[in-house]
$ cat upload32.pdb   # PDB, C-alpha atoms and all ligand atoms
ATOM      1  CA  MET A1500       7.307  -5.158 -14.567  1.00  0.00           C
ATOM      2  CA  ASP A1501       5.010  -5.609 -11.577  1.00  0.00           C
ATOM      3  CA  ARG A1502       2.737  -2.937 -10.237  1.00  0.00           C
ATOM      4  CA  SER A1503       1.481  -2.806  -6.660  1.00  0.00           C
ATOM      5  CA  LEU A1504      -1.118  -0.729  -4.881  1.00  0.00           C
ATOM      6  CA  VAL A1505       0.230   0.698  -1.639  1.00  0.00           C
ATOM      7  CA  LEU A1506      -1.990   2.503   0.853  1.00  0.00           C
ATOM      8  CA  ILE A1507      -0.362   4.751   3.429  1.00  0.00           C
ATOM      9  CA  LYS A1508      -3.085   4.122   5.998  1.00  0.00           C
ATOM     10  CA  PRO A1509      -4.826   6.714   8.222  1.00  0.00           C
ATOM     11  CA  ASP A1510      -2.578   5.956  11.237  1.00  0.00           C
ATOM     12  CA  ALA A1511       0.542   6.693   9.168  1.00  0.00           C
ATOM     13  CA  ILE A1512      -0.931   9.982   7.926  1.00  0.00           C
ATOM     14  CA  GLN A1513      -2.026  11.022  11.428  1.00  0.00           C
ATOM     15  CA  ARG A1514       1.427  10.133  12.804  1.00  0.00           C
ATOM     16  CA  ALA A1515       3.141  12.132  10.034  1.00  0.00           C
ATOM     17  CA  LEU A1516       5.008   9.053   8.748  1.00  0.00           C
ATOM     18  CA  ALA A1517       3.787   9.204   5.135  1.00  0.00           C
ATOM     19  CA  GLY A1518       6.936  10.816   3.759  1.00  0.00           C
ATOM     20  CA  GLN A1519       9.238   8.355   5.498  1.00  0.00           C
ATOM     21  CA  ILE A1520       7.268   5.364   4.260  1.00  0.00           C
ATOM     22  CA  ILE A1521       7.066   6.592   0.663  1.00  0.00           C
ATOM     23  CA  SER A1522      10.750   7.520   0.833  1.00  0.00           C
ATOM     24  CA  ARG A1523      11.745   3.964   1.787  1.00  0.00           C
ATOM     25  CA  LEU A1524       9.883   2.540  -1.205  1.00  0.00           C
ATOM     26  CA  GLU A1525      11.313   5.180  -3.535  1.00  0.00           C
ATOM     27  CA  ARG A1526      14.898   4.694  -2.294  1.00  0.00           C
ATOM     28  CA  LYS A1527      14.601   0.955  -2.949  1.00  0.00           C
ATOM     29  CA  GLY A1528      14.315   1.776  -6.646  1.00  0.00           C
ATOM     30  CA  LEU A1529      10.572   1.455  -7.111  1.00  0.00           C
ATOM     31  CA  LYS A1530       8.971   4.006  -9.415  1.00  0.00           C
ATOM     32  CA  ILE A1531       5.949   6.057  -8.312  1.00  0.00           C
ATOM     33  CA  ILE A1532       3.557   5.989 -11.256  1.00  0.00           C
ATOM     34  CA  ALA A1533       0.389   7.257  -9.494  1.00  0.00           C
ATOM     35  CA  MET A1534      -0.410   8.898  -6.172  1.00  0.00           C
ATOM     36  CA  LYS A1535      -3.329  10.650  -4.489  1.00  0.00           C
ATOM     37  CA  ILE A1536      -4.697  11.541  -1.082  1.00  0.00           C
ATOM     38  CA  LEU A1537      -8.308  10.511  -0.513  1.00  0.00           C
ATOM     39  CA  HIS A1538     -10.771   9.711   2.223  1.00  0.00           C
ATOM     40  CA  MET A1539     -12.074   6.186   1.548  1.00  0.00           C
ATOM     41  CA  ASP A1540     -15.807   5.790   1.963  1.00  0.00           C
ATOM     42  CA  LYS A1541     -17.462   2.668   3.346  1.00  0.00           C
ATOM     43  CA  ASP A1542     -18.322   1.352  -0.113  1.00  0.00           C
ATOM     44  CA  LEU A1543     -14.730   1.575  -1.401  1.00  0.00           C
ATOM     45  CA  ALA A1544     -13.407   0.084   1.857  1.00  0.00           C
ATOM     46  CA  GLN A1545     -15.766  -2.872   1.631  1.00  0.00           C
ATOM     47  CA  ARG A1546     -14.800  -3.480  -1.991  1.00  0.00           C
ATOM     48  CA  HIS A1547     -11.065  -3.152  -1.323  1.00  0.00           C
ATOM     49  CA  TYR A1548     -11.280  -5.563   1.632  1.00  0.00           C
ATOM     50  CA  ALA A1549     -14.030  -7.796   0.132  1.00  0.00           C
ATOM     51  CA  ILE A1550     -11.926 -10.934   0.731  1.00  0.00           C
ATOM     52  CA  HIS A1551     -12.107 -10.303   4.501  1.00  0.00           C
ATOM     53  CA  LYS A1552     -15.891  -9.861   4.650  1.00  0.00           C
ATOM     54  CA  GLY A1553     -17.339 -11.996   7.435  1.00  0.00           C
ATOM     55  CA  LYS A1554     -14.098 -12.129   9.451  1.00  0.00           C
ATOM     56  CA  PRO A1555     -14.307 -10.933  13.058  1.00  0.00           C
ATOM     57  CA  PHE A1556     -12.082  -7.899  12.404  1.00  0.00           C
ATOM     58  CA  PHE A1557     -13.866  -6.751   9.219  1.00  0.00           C
ATOM     59  CA  ASP A1558     -16.041  -4.007  10.747  1.00  0.00           C
ATOM     60  CA  ASP A1559     -13.119  -2.544  12.732  1.00  0.00           C
ATOM     61  CA  LEU A1560     -10.955  -2.674   9.618  1.00  0.00           C
ATOM     62  CA  VAL A1561     -13.523  -0.765   7.543  1.00  0.00           C
ATOM     63  CA  SER A1562     -14.091   1.806  10.263  1.00  0.00           C
ATOM     64  CA  PHE A1563     -10.308   2.315  10.721  1.00  0.00           C
ATOM     65  CA  ILE A1564      -9.538   2.663   7.019  1.00  0.00           C
ATOM     66  CA  THR A1565     -12.377   5.196   6.607  1.00  0.00           C
ATOM     67  CA  SER A1566     -11.507   7.159   9.773  1.00  0.00           C
ATOM     68  CA  SER A1567      -9.198   9.717   8.154  1.00  0.00           C
ATOM     69  CA  PRO A1568      -7.617  10.404   4.754  1.00  0.00           C
ATOM     70  CA  LEU A1569      -4.976   8.091   3.335  1.00  0.00           C
ATOM     71  CA  ILE A1570      -2.494   8.177   0.472  1.00  0.00           C
ATOM     72  CA  ALA A1571      -2.828   5.666  -2.357  1.00  0.00           C
ATOM     73  CA  VAL A1572       0.288   5.003  -4.430  1.00  0.00           C
ATOM     74  CA  VAL A1573       0.985   2.771  -7.402  1.00  0.00           C
ATOM     75  CA  LEU A1574       4.588   1.582  -7.515  1.00  0.00           C
ATOM     76  CA  GLN A1575       6.221  -0.187 -10.421  1.00  0.00           C
ATOM     77  CA  GLY A1576       9.330  -2.340 -10.581  1.00  0.00           C
ATOM     78  CA  GLU A1577      10.574  -5.868 -11.159  1.00  0.00           C
ATOM     79  CA  ASN A1578       8.958  -8.074  -8.481  1.00  0.00           C
ATOM     80  CA  ALA A1579       7.423  -4.943  -6.945  1.00  0.00           C
ATOM     81  CA  VAL A1580       4.620  -6.909  -5.236  1.00  0.00           C
ATOM     82  CA  GLN A1581       6.965  -9.300  -3.450  1.00  0.00           C
ATOM     83  CA  ILE A1582       9.567  -6.638  -2.634  1.00  0.00           C
ATOM     84  CA  ILE A1583       6.959  -4.337  -1.088  1.00  0.00           C
ATOM     85  CA  ARG A1584       5.480  -7.174   1.003  1.00  0.00           C
ATOM     86  CA  GLN A1585       9.004  -7.836   2.323  1.00  0.00           C
ATOM     87  CA  MET A1586       9.571  -4.161   3.057  1.00  0.00           C
ATOM     88  CA  MET A1587       6.190  -3.925   4.880  1.00  0.00           C
ATOM     89  CA  GLY A1588       6.838  -6.904   7.144  1.00  0.00           C
ATOM     90  CA  GLU A1589       4.291  -9.248   8.690  1.00  0.00           C
ATOM     91  CA  THR A1590       0.672  -8.146   9.086  1.00  0.00           C
ATOM     92  CA  ASP A1591       1.078  -7.935  12.877  1.00  0.00           C
ATOM     93  CA  PRO A1592       3.660  -5.217  13.618  1.00  0.00           C
ATOM     94  CA  ALA A1593       4.492  -6.970  16.895  1.00  0.00           C
ATOM     95  CA  LYS A1594       5.789  -9.902  14.832  1.00  0.00           C
ATOM     96  CA  ALA A1595       7.279  -7.911  11.937  1.00  0.00           C
ATOM     97  CA  SER A1596      11.075  -7.808  11.761  1.00  0.00           C
ATOM     98  CA  SER A1597      12.986  -4.655  12.558  1.00  0.00           C
ATOM     99  CA  GLY A1598      13.948  -2.934   9.357  1.00  0.00           C
ATOM    100  CA  THR A1599      10.468  -3.393   7.929  1.00  0.00           C
ATOM    101  CA  ILE A1600       7.915  -0.567   7.881  1.00  0.00           C
ATOM    102  CA  ARG A1601       5.525  -2.328  10.261  1.00  0.00           C
ATOM    103  CA  GLY A1602       8.382  -3.645  12.414  1.00  0.00           C
ATOM    104  CA  ASP A1603       9.920  -0.208  12.800  1.00  0.00           C
ATOM    105  CA  PHE A1604       6.814   1.945  13.218  1.00  0.00           C
ATOM    106  CA  GLY A1605       3.945  -0.215  14.540  1.00  0.00           C
ATOM    107  CA  ILE A1606       2.762  -2.152  17.578  1.00  0.00           C
ATOM    108  CA  ASP A1607      -0.886  -3.126  16.968  1.00  0.00           C
ATOM    109  CA  ILE A1608      -2.282  -5.360  14.167  1.00  0.00           C
ATOM    110  CA  GLY A1609      -5.170  -2.926  13.678  1.00  0.00           C
ATOM    111  CA  ARG A1610      -2.745  -0.017  13.187  1.00  0.00           C
ATOM    112  CA  ASN A1611      -0.214  -1.470  10.773  1.00  0.00           C
ATOM    113  CA  LEU A1612       0.451   1.644   8.692  1.00  0.00           C
ATOM    114  CA  VAL A1613       0.515   0.240   5.171  1.00  0.00           C
ATOM    115  CA  HIS A1614      -1.311  -1.919   2.676  1.00  0.00           C
ATOM    116  CA  GLY A1615       0.481  -3.604  -0.210  1.00  0.00           C
ATOM    117  CA  SER A1616      -1.065  -5.891  -2.835  1.00  0.00           C
ATOM    118  CA  ASP A1617      -0.389  -9.585  -2.206  1.00  0.00           C
ATOM    119  CA  SER A1618      -0.207 -10.736  -5.861  1.00  0.00           C
ATOM    120  CA  PRO A1619       0.197  -9.083  -9.273  1.00  0.00           C
ATOM    121  CA  GLU A1620      -3.339 -10.186 -10.120  1.00  0.00           C
ATOM    122  CA  ASN A1621      -4.870  -8.635  -6.990  1.00  0.00           C
ATOM    123  CA  ALA A1622      -2.738  -5.538  -7.628  1.00  0.00           C
ATOM    124  CA  ARG A1623      -4.471  -5.011 -10.975  1.00  0.00           C
ATOM    125  CA  THR A1624      -7.930  -5.251  -9.361  1.00  0.00           C
ATOM    126  CA  GLU A1625      -6.935  -2.945  -6.488  1.00  0.00           C
ATOM    127  CA  ILE A1626      -5.289  -0.357  -8.742  1.00  0.00           C
ATOM    128  CA  ASP A1627      -8.494  -0.197 -10.815  1.00  0.00           C
ATOM    129  CA  LEU A1628     -10.493   0.559  -7.655  1.00  0.00           C
ATOM    130  CA  PHE A1629      -8.401   3.642  -6.880  1.00  0.00           C
ATOM    131  CA  PHE A1630      -7.081   4.985 -10.179  1.00  0.00           C
ATOM    132  CA  SER A1631      -8.330   5.642 -13.696  1.00  0.00           C
ATOM    133  CA  ALA A1632      -5.989   4.968 -16.627  1.00  0.00           C
ATOM    134  CA  GLU A1633      -5.319   8.726 -17.047  1.00  0.00           C
ATOM    135  CA  GLU A1634      -4.064   8.985 -13.463  1.00  0.00           C
ATOM    136  CA  ILE A1635      -1.263   6.456 -14.032  1.00  0.00           C
ATOM    137  CA  PHE A1636       2.014   7.682 -15.585  1.00  0.00           C
ATOM    138  CA  ASP A1637       4.356   5.095 -17.070  1.00  0.00           C
ATOM    139  CA  TYR A1638       7.330   7.399 -17.739  1.00  0.00           C
ATOM    140  CA  ASP A1639      11.030   6.614 -18.245  1.00  0.00           C
ATOM    141  CA  ARG A1640      13.677   7.427 -15.638  1.00  0.00           C
ATOM    142  CA  GLU A1641      17.362   7.761 -16.503  1.00  0.00           C
ATOM    143  CA  LEU A1642      18.327   6.236 -13.165  1.00  0.00           C
ATOM    144  CA  ASP A1643      16.593   2.936 -13.922  1.00  0.00           C
ATOM    145  CA  THR A1644      19.638   1.940 -16.001  1.00  0.00           C
ATOM    146  CA  TRP A1645      21.578   2.063 -12.677  1.00  0.00           C
ATOM    147  CA  ILE A1646      18.936   0.080 -10.751  1.00  0.00           C
ATOM    148  CA  TYR A1647      18.542  -2.688 -13.353  1.00  0.00           C
TER
HETATM  149  P1  LIG B   1      -2.057  -7.637   5.022  1.00  0.00           P
HETATM  150  O1  LIG B   1      -2.450  -6.188   5.242  1.00  0.00           O
HETATM  151  O2  LIG B   1      -0.712  -7.940   5.619  1.00  0.00           O
HETATM  152  O3  LIG B   1      -2.185  -8.085   3.590  1.00  0.00           O
HETATM  153  P2  LIG B   1      -4.498  -9.127   5.519  1.00  0.00           P
HETATM  154  O4  LIG B   1      -4.815  -8.923   4.074  1.00  0.00           O
HETATM  155  O5  LIG B   1      -4.543 -10.523   6.049  1.00  0.00           O
HETATM  156  O6  LIG B   1      -3.069  -8.519   5.889  1.00  0.00           O
HETATM  157  O7  LIG B   1      -5.505  -8.266   6.405  1.00  0.00           O
HETATM  158  C1  LIG B   1      -5.885  -6.973   5.996  1.00  0.00           C
HETATM  159  C2  LIG B   1      -5.851  -6.065   7.192  1.00  0.00           C
HETATM  160  O8  LIG B   1      -6.816  -6.491   8.152  1.00  0.00           O
HETATM  161  C3  LIG B   1      -4.530  -6.056   7.938  1.00  0.00           C
HETATM  162  O9  LIG B   1      -3.603  -5.152   7.373  1.00  0.00           O
HETATM  163  C4  LIG B   1      -4.935  -5.670   9.325  1.00  0.00           C
HETATM  164  C5  LIG B   1      -6.312  -6.287   9.469  1.00  0.00           C
HETATM  165  N1  LIG B   1      -6.233  -7.583  10.139  1.00  0.00           N
HETATM  166  C6  LIG B   1      -5.821  -8.752   9.594  1.00  0.00           C
HETATM  167  N2  LIG B   1      -5.874  -9.759  10.485  1.00  0.00           N
HETATM  168  C7  LIG B   1      -6.350  -9.198  11.627  1.00  0.00           C
HETATM  169  C8  LIG B   1      -6.639  -9.692  12.928  1.00  0.00           C
HETATM  170  N3  LIG B   1      -6.456 -10.981  13.237  1.00  0.00           N
HETATM  171  N4  LIG B   1      -7.110  -8.819  13.859  1.00  0.00           N
HETATM  172  C9  LIG B   1      -7.299  -7.525  13.556  1.00  0.00           C
HETATM  173  N5  LIG B   1      -7.047  -6.990  12.343  1.00  0.00           N
HETATM  174  C10 LIG B   1      -6.579  -7.811  11.406  1.00  0.00           C
HETATM  175 MG    MG B   2      -3.850  -8.297   2.375  1.00  0.00          MG
END
$ encode --input "upload32.pdb" --output "structure tokens"
Amino acid sequence: MDRSLVLIKPDAIQRALAGQIISRLERKGLKIIAMKILHMDKDLAQRHYAIHKGKPFFDDLVSFITSSPLIAVVLQGENAVQIIRQMMGETDPAKASSGTIRGDFGIDIGRNLVHGSDSPENARTEIDLFFSAEEIFDYDRELDTWIY
């Protein structure tokens, strides 16, 4: 089973879209195994987005992601990483297909509502940045026998 770190970014919280976005992921069949609201500080933002350090948009990205609280969620399911990337749509909401989260709710690449891990390996690193082992709950759900 894959795990993915999803961030419901500050723009989604400010626009009161958090519930709708989480609901889409939950309805798909993915299991919420950890969730918290937090205000990322600069240090956490720079670590989470370390791969983008030096890119022209890095400073704006860090200042946006630290501008207001966000919701961090860990979702689990078969191929969760790939499924969530599909459900998010392309990085630029202007190019993201309708039916995706970014395609349905966004316009600007700097305000694209959600983060989702791009590989199971990066998911593990990202999850460790946001959650301790005690904050993650790997419980059974009856309904999973109807999803799988
Ligand atoms: P994704 O969030 O789809 O994984 P990414 O990892 O390439 O995309 O970039 C991280 C975030 O940085 C992205 O969600 C929005 C911002 N970003 C990426 N490319 C950008 C660009 N060309 N201009 C402005 N912001 C950008
Ligand atoms: Mg990325």
$ resolve_selection --input "upload32.pdb" --expression "the PyMOL selection byres (((not hetatm)) within 12 of (chain B and resi 2))" --output "VMD selection string"
chain A and resid 1503 to 1506 1547 to 1551 1560 1580 1584 1587 to 1591 1611 1613 to 1618 1621 to 1622 1625
$ resolve_selection --input "upload32.pdb" --expression "the PyMOL selection byres (((chain A and resi 1561-1564) around 9) and not hetatm)" --output "compact mmCIF listing (two decimals) with C-alpha atoms, in the frame of the given file"
# COMPACT_ATOMS: atom_id res chain seq x y z
CA LYS A 1508 -3.08 4.12 6.00
CA PRO A 1509 -4.83 6.71 8.22
CA ASP A 1510 -2.58 5.96 11.24
CA HIS A 1538 -10.77 9.71 2.22
CA MET A 1539 -12.07 6.19 1.55
CA ASP A 1540 -15.81 5.79 1.96
CA LYS A 1541 -17.46 2.67 3.35
CA ALA A 1544 -13.41 0.08 1.86
CA GLN A 1545 -15.77 -2.87 1.63
CA TYR A 1548 -11.28 -5.56 1.63
CA PHE A 1556 -12.08 -7.90 12.40
CA PHE A 1557 -13.87 -6.75 9.22
CA ASP A 1558 -16.04 -4.01 10.75
CA ASP A 1559 -13.12 -2.54 12.73
CA LEU A 1560 -10.96 -2.67 9.62
CA THR A 1565 -12.38 5.20 6.61
CA SER A 1566 -11.51 7.16 9.77
CA SER A 1567 -9.20 9.72 8.15
CA PRO A 1568 -7.62 10.40 4.75
CA LEU A 1569 -4.98 8.09 3.34
CA GLY A 1609 -5.17 -2.93 13.68
CA ARG A 1610 -2.74 -0.02 13.19
$ residues_around --input "upload32.pdb" --residues "Leu1524 (chain A)" --least-positions-apart "6" --cutoff "12 Å" --atoms "all atoms listed in the file" --output "PyMOL selection string"
chain A and resi 1503+1505+1507+1517-1518+1530-1531+1572-1576+1579-1580+1582-1587+1599-1600+1613+1615
$ axis_aligned_box --input "upload32.pdb" --around "region 1511-1516 of chain A" --padding-each-side "4 Å" --output "lines of an AutoDock Vina configuration file"
center_x = 1.5
center_y = 9.4
center_z = 10.4
size_x = 15.0
size_y = 13.4
size_z = 12.9
$ closest_residue --input "upload32.pdb" --among "A:Gln1519, A:Met1500, A:Arg1526, A:Asp1607" --to "ligand LIG 1 (chain B)" --atoms "all atoms listed in the file"
A:Asp1607
$ closest_residue --input "upload32.pdb" --among "A:Ser1631, A:Gln1513, A:Gln1581, A:Ser1522" --to "ligand LIG 1 (chain B)" --atoms "all atoms listed in the file"
A:Gln1581
$ closest_residue --input "upload32.pdb" --among "A:Thr1644, A:Arg1601, A:Arg1546, A:Ala1632" --to "Leu1516 (chain A)" --atoms "only C-alpha atoms"
A:Arg1601
$ closest_residue --input "upload32.pdb" --among "A:Ser1597, A:Leu1529, A:Arg1523, A:Leu1543" --to "Ile1646 (chain A)" --atoms "all atoms listed in the file"
A:Leu1529
$ decode --input "upload32.pdb" --residues "region 1593-1604 of chain A" --atoms "all heavy atoms" --output "mmCIF file, in the first residue's frame"
data_model
loop_
_atom_site.group_PDB
_atom_site.id
_atom_site.type_symbol
_atom_site.label_atom_id
_atom_site.label_comp_id
_atom_site.auth_asym_id
_atom_site.auth_seq_id
_atom_site.Cartn_x
_atom_site.Cartn_y
_atom_site.Cartn_z
ATOM 1 N N ALA A 1593 -4.109 26.357 -14.882
ATOM 2 C CA ALA A 1593 -4.618 26.786 -16.194
ATOM 3 C C ALA A 1593 -4.523 25.660 -17.219
ATOM 4 O O ALA A 1593 -5.263 25.646 -18.207
ATOM 5 C CB ALA A 1593 -3.851 28.012 -16.682
ATOM 6 N N LYS A 1594 -3.606 24.720 -16.973
ATOM 7 C CA LYS A 1594 -3.417 23.597 -17.905
ATOM 8 C C LYS A 1594 -4.050 22.311 -17.396
ATOM 9 O O LYS A 1594 -4.151 21.326 -18.127
ATOM 10 C CB LYS A 1594 -1.921 23.354 -18.127
ATOM 11 C CG LYS A 1594 -1.237 24.503 -18.831
ATOM 12 C CD LYS A 1594 0.246 24.196 -19.029
ATOM 13 C CE LYS A 1594 0.974 25.413 -19.582
ATOM 14 N NZ LYS A 1594 2.382 25.456 -19.169
ATOM 15 N N ALA A 1595 -4.453 22.294 -16.131
ATOM 16 C CA ALA A 1595 -5.003 21.073 -15.522
ATOM 17 C C ALA A 1595 -6.395 20.786 -16.080
ATOM 18 O O ALA A 1595 -7.185 21.712 -16.305
ATOM 19 C CB ALA A 1595 -5.045 21.232 -14.006
ATOM 20 N N SER A 1596 -6.675 19.519 -16.319
ATOM 21 C CA SER A 1596 -7.969 19.126 -16.885
ATOM 22 C C SER A 1596 -9.104 19.405 -15.912
ATOM 23 O O SER A 1596 -8.929 19.295 -14.695
ATOM 24 C CB SER A 1596 -7.978 17.624 -17.183
ATOM 25 O OG SER A 1596 -6.923 17.293 -18.021
ATOM 26 N N SER A 1597 -10.264 19.720 -16.470
ATOM 27 C CA SER A 1597 -11.474 19.785 -15.659
ATOM 28 C C SER A 1597 -11.701 18.421 -15.031
ATOM 29 O O SER A 1597 -11.395 17.398 -15.631
ATOM 30 C CB SER A 1597 -12.680 20.151 -16.523
ATOM 31 O OG SER A 1597 -12.548 21.443 -17.011
ATOM 32 N N GLY A 1598 -12.226 18.439 -13.829
ATOM 33 C CA GLY A 1598 -12.418 17.184 -13.112
ATOM 34 C C GLY A 1598 -11.294 16.927 -12.130
ATOM 35 O O GLY A 1598 -11.426 16.099 -11.235
ATOM 36 N N THR A 1599 -10.171 17.639 -12.325
ATOM 37 C CA THR A 1599 -9.091 17.552 -11.334
ATOM 38 C C THR A 1599 -9.258 18.695 -10.325
ATOM 39 O O THR A 1599 -9.961 19.673 -10.588
ATOM 40 C CB THR A 1599 -7.700 17.657 -11.993
ATOM 41 O OG1 THR A 1599 -7.533 18.960 -12.567
ATOM 42 C CG2 THR A 1599 -7.521 16.593 -13.074
ATOM 43 N N ILE A 1600 -8.599 18.557 -9.184
ATOM 44 C CA ILE A 1600 -8.727 19.574 -8.127
ATOM 45 C C ILE A 1600 -8.209 20.921 -8.635
ATOM 46 O O ILE A 1600 -8.880 21.950 -8.528
ATOM 47 C CB ILE A 1600 -7.962 19.113 -6.862
ATOM 48 C CG1 ILE A 1600 -8.641 17.865 -6.273
ATOM 49 C CG2 ILE A 1600 -7.892 20.247 -5.830
ATOM 50 C CD1 ILE A 1600 -7.785 17.095 -5.264
ATOM 51 N N ARG A 1601 -7.015 20.917 -9.220
ATOM 52 C CA ARG A 1601 -6.446 22.175 -9.711
ATOM 53 C C ARG A 1601 -7.228 22.697 -10.911
ATOM 54 O O ARG A 1601 -7.431 23.904 -11.055
ATOM 55 C CB ARG A 1601 -4.968 21.968 -10.066
ATOM 56 C CG ARG A 1601 -4.081 21.811 -8.815
ATOM 57 C CD ARG A 1601 -2.741 21.198 -9.163
ATOM 58 N NE ARG A 1601 -1.773 21.314 -8.077
ATOM 59 C CZ ARG A 1601 -0.584 20.737 -8.091
ATOM 60 N NH1 ARG A 1601 -0.208 20.001 -9.139
ATOM 61 N NH2 ARG A 1601 0.244 20.886 -7.069
ATOM 62 N N GLY A 1602 -7.675 21.790 -11.772
ATOM 63 C CA GLY A 1602 -8.443 22.185 -12.959
ATOM 64 C C GLY A 1602 -9.793 22.776 -12.598
ATOM 65 O O GLY A 1602 -10.292 23.675 -13.272
ATOM 66 N N ASP A 1603 -10.382 22.296 -11.536
ATOM 67 C CA ASP A 1603 -11.720 22.770 -11.156
ATOM 68 C C ASP A 1603 -11.679 24.017 -10.281
ATOM 69 O O ASP A 1603 -12.620 24.816 -10.305
ATOM 70 C CB ASP A 1603 -12.485 21.676 -10.398
ATOM 71 C CG ASP A 1603 -12.954 20.561 -11.321
ATOM 72 O OD1 ASP A 1603 -12.844 20.717 -12.562
ATOM 73 O OD2 ASP A 1603 -13.421 19.530 -10.805
ATOM 74 N N PHE A 1604 -10.629 24.170 -9.488
ATOM 75 C CA PHE A 1604 -10.654 25.246 -8.475
ATOM 76 C C PHE A 1604 -9.607 26.341 -8.669
ATOM 77 O O PHE A 1604 -9.658 27.348 -7.968
ATOM 78 C CB PHE A 1604 -10.479 24.657 -7.061
ATOM 79 C CG PHE A 1604 -11.565 23.689 -6.661
ATOM 80 C CD1 PHE A 1604 -11.252 22.435 -6.148
ATOM 81 C CD2 PHE A 1604 -12.897 24.034 -6.769
ATOM 82 C CE1 PHE A 1604 -12.236 21.533 -5.757
ATOM 83 C CE2 PHE A 1604 -13.906 23.150 -6.381
ATOM 84 C CZ PHE A 1604 -13.578 21.901 -5.878
#
